[in-house]
>>> print(open('coords-v9.csv').read())   # CSV, C-alpha atoms
chain,number,residue,atom,x,y,z
A,6,MET,CA,99.9,-18.9,233.8
A,7,THR,CA,98.6,-21.3,231.2
A,8,LEU,CA,99.6,-21.6,227.6
A,9,ARG,CA,96.8,-21.4,225.0
A,10,ILE,CA,98.8,-22.7,222.0
A,11,ARG,CA,96.4,-25.5,221.3
A,12,GLN,CA,93.4,-23.2,221.3
A,13,LEU,CA,95.1,-20.8,218.9
A,14,ARG,CA,96.2,-23.6,216.7
A,15,GLU,CA,92.8,-25.2,216.5
A,16,GLN,CA,91.2,-21.8,215.7
A,17,LYS,CA,93.3,-21.9,212.5
A,18,GLY,CA,92.3,-25.5,211.8
A,19,TRP,CA,95.9,-26.7,212.1
A,20,THR,CA,97.2,-30.0,213.3
A,21,GLN,CA,100.2,-30.1,215.7
A,22,ALA,CA,102.3,-31.2,212.6
A,23,ASP,CA,101.2,-28.1,210.7
A,24,LEU,CA,102.2,-25.7,213.6
A,25,ALA,CA,105.4,-27.6,214.3
A,26,SER,CA,106.4,-27.3,210.7
A,27,ARG,CA,105.6,-23.6,210.6
A,28,SER,CA,107.5,-23.1,213.9
A,29,HIS,CA,110.6,-25.0,212.7
A,30,MET,CA,110.4,-27.7,215.4
A,31,SER,CA,109.4,-31.3,215.7
A,32,ARG,CA,105.8,-32.3,216.4
A,33,PRO,CA,106.8,-34.1,219.6
A,34,GLN,CA,108.6,-30.9,220.8
A,35,LEU,CA,105.5,-28.9,220.1
A,36,ALA,CA,103.2,-31.5,221.7
A,37,MET,CA,105.2,-31.3,224.9
A,38,ILE,CA,105.2,-27.5,224.9
A,39,GLU,CA,101.5,-27.4,224.2
A,40,ALA,CA,100.7,-29.9,227.0
A,41,GLU,CA,103.1,-28.0,229.2
A,42,THR,CA,105.1,-31.1,230.1
A,43,ARG,CA,108.2,-29.4,228.7
A,44,PRO,CA,109.1,-25.8,229.3
A,45,ALA,CA,109.5,-23.7,226.2
A,46,ASN,CA,112.3,-21.2,225.9
A,47,THR,CA,111.8,-17.7,224.5
A,48,LEU,CA,113.0,-18.6,221.0
A,49,ARG,CA,110.5,-21.4,220.7
A,50,LEU,CA,107.6,-19.3,222.0
A,51,ASN,CA,108.5,-16.5,219.6
A,52,SER,CA,108.6,-19.0,216.7
A,53,ILE,CA,105.2,-20.4,217.7
A,54,ALA,CA,103.7,-17.0,218.0
A,55,ALA,CA,105.1,-15.9,214.7
A,56,ALA,CA,103.7,-19.0,213.0
A,57,LEU,CA,100.3,-18.3,214.6
A,58,GLU,CA,100.6,-14.6,213.7
A,59,VAL,CA,100.0,-13.4,217.2
A,60,LYS,CA,102.1,-11.6,219.8
A,61,THR,CA,104.0,-13.8,222.1
A,62,GLU,CA,102.1,-12.7,225.1
A,63,GLU,CA,98.9,-13.9,223.4
A,64,LEU,CA,100.1,-17.5,223.9
A,65,PHE,CA,99.5,-17.1,227.7
A,66,VAL,CA,96.3,-16.8,229.7
A,67,SER,CA,96.5,-16.2,233.4
A,68,SER,CA,92.8,-16.7,234.1
A,69,ASP,CA,89.6,-17.9,232.5
A,70,TRP,CA,88.1,-14.5,232.1
A,71,GLN,CA,91.1,-13.3,230.2
A,72,ALA,CA,90.7,-16.3,227.8
A,73,ARG,CA,87.0,-15.6,227.3
A,74,LEU,CA,87.7,-11.9,226.7
A,75,SER,CA,90.4,-12.7,224.2
A,76,ASP,CA,88.2,-15.1,222.3
A,77,ALA,CA,85.3,-12.7,222.4
A,78,THR,CA,87.3,-9.9,220.9
A,79,ARG,CA,89.4,-11.8,218.4
A,80,HIS,CA,87.0,-11.1,215.5
A,81,LEU,CA,86.0,-7.5,216.3
A,82,SER,CA,87.0,-4.7,214.0
A,83,GLN,CA,89.8,-2.4,215.0
A,84,GLU,CA,87.2,0.3,215.7
A,85,ASP,CA,85.2,-1.9,217.9
A,86,ARG,CA,88.3,-3.1,219.8
A,87,GLU,CA,89.2,0.6,220.4
A,88,MET,CA,85.7,1.3,221.7
A,89,LEU,CA,86.0,-1.7,224.0
A,90,VAL,CA,89.3,-0.5,225.4
A,91,HIS,CA,87.9,3.0,226.0
A,92,MET,CA,85.0,1.5,227.9
A,93,ALA,CA,87.3,-0.7,230.0
A,94,GLU,CA,89.5,2.3,230.8
A,95,ALA,CA,86.4,4.3,231.9
A,96,LEU,CA,85.3,1.4,234.1
A,97,ALA,CA,88.8,1.1,235.7
A,98,ALA,CA,88.8,4.9,236.3
A,99,LYS,CA,85.4,4.6,238.0
A,100,ALA,CA,86.6,1.8,240.2
A,101,LEU,CA,89.7,3.7,241.2
A,102,ARG,CA,87.5,6.7,242.2
A,103,GLY,CA,85.5,4.2,244.4
A,104,GLU,CA,82.2,4.7,242.6
>>> encode(input="coords-v9.csv", output="C-alpha cells")
Amino acid sequence: MTLRIRQLREQKGWTQADLASRSHMSRPQLAMIEAETRPANTLRLNSIAAALEVKTEELFVSSDWQARLSDATRHLSQEDREMLVHMAEALAAKALRGE
C-alpha cells in the first residue's frame, strides 16, 4: 500500500512546512513519512488526515486505478458520488452473477 500524502498536500497548494505545522510535527518528520522512509504511527496518520480534512484511509492507495478513481471523484457533488456508487454496486452485482 502506498501513501498519497504528498498528492493530497499538493492539491491544497501546501508546502511540507504548512502540513507539518497543521499536523503538529516537524517538517523533517513529515518529509520522511511522505517519502515512506519512516513508518508513521496511527496518531501521526490521524493528525495528517485531520489537517488535510480527509479520512485516514484516504491517505492510502493500494493501486493506480484506486488513485485515479479517487482523484476523478474528489470534486463531484454528493448526488453524483451517490449515483456513481449505485452504478459500481450494479456492476459488481452483475459480475457476481457471471454476466
>>> residues_around(input="coords-v9.csv", residues="Leu64 of chain A", least_positions_apart="5", cutoff="12 Å", atoms="all atoms listed in the file", output="list in words")
Met6, Thr7, Leu8, Arg9, Ile10, Arg11, Gln12, Leu13, Arg14, Ile38, Glu39, Ala45, Thr47, Arg49, Leu50, Asn51, Ser52, Ile53, Ala54, Ala55, Ala56, Leu57, Glu58, Val59, Gln71, Ala72 and Ser75 of chain A
>>> write_last_selection(input="coords-v9.csv", atoms="C-alpha atoms", output="compact mmCIF listing (two decimals), in the frame of the given file")
# COMPACT_ATOMS: atom_id res chain seq x y z
CA MET A 6 99.90 -18.90 233.80
CA THR A 7 98.60 -21.30 231.20
CA LEU A 8 99.60 -21.60 227.60
CA ARG A 9 96.80 -21.40 225.00
CA ILE A 10 98.80 -22.70 222.00
CA ARG A 11 96.40 -25.50 221.30
CA GLN A 12 93.40 -23.20 221.30
CA LEU A 13 95.10 -20.80 218.90
CA ARG A 14 96.20 -23.60 216.70
CA ILE A 38 105.20 -27.50 224.90
CA GLU A 39 101.50 -27.40 224.20
CA ALA A 45 109.50 -23.70 226.20
CA THR A 47 111.80 -17.70 224.50
CA ARG A 49 110.50 -21.40 220.70
CA LEU A 50 107.60 -19.30 222.00
CA ASN A 51 108.50 -16.50 219.60
CA SER A 52 108.60 -19.00 216.70
CA ILE A 53 105.20 -20.40 217.70
CA ALA A 54 103.70 -17.00 218.00
CA ALA A 55 105.10 -15.90 214.70
CA ALA A 56 103.70 -19.00 213.00
CA LEU A 57 100.30 -18.30 214.60
CA GLU A 58 100.60 -14.60 213.70
CA VAL A 59 100.00 -13.40 217.20
CA GLN A 71 91.10 -13.30 230.20
CA ALA A 72 90.70 -16.30 227.80
CA SER A 75 90.40 -12.70 224.20
>>> atom_distance(input="coords-v9.csv", atom1="atom CA of Ala22 of chain A", atom2="atom CA of Glu62 of chain A")
22.3 Å
>>> atom_distance(input="coords-v9.csv", atom1="atom CA of Thr61 of chain A", atom2="atom CA of Met92 of chain A")
25.1 Å
>>> atom_distance(input="coords-v9.csv", atom1="atom CA of Gln21 of chain A", atom2="atom CA of Thr42 of chain A")
15.2 Å
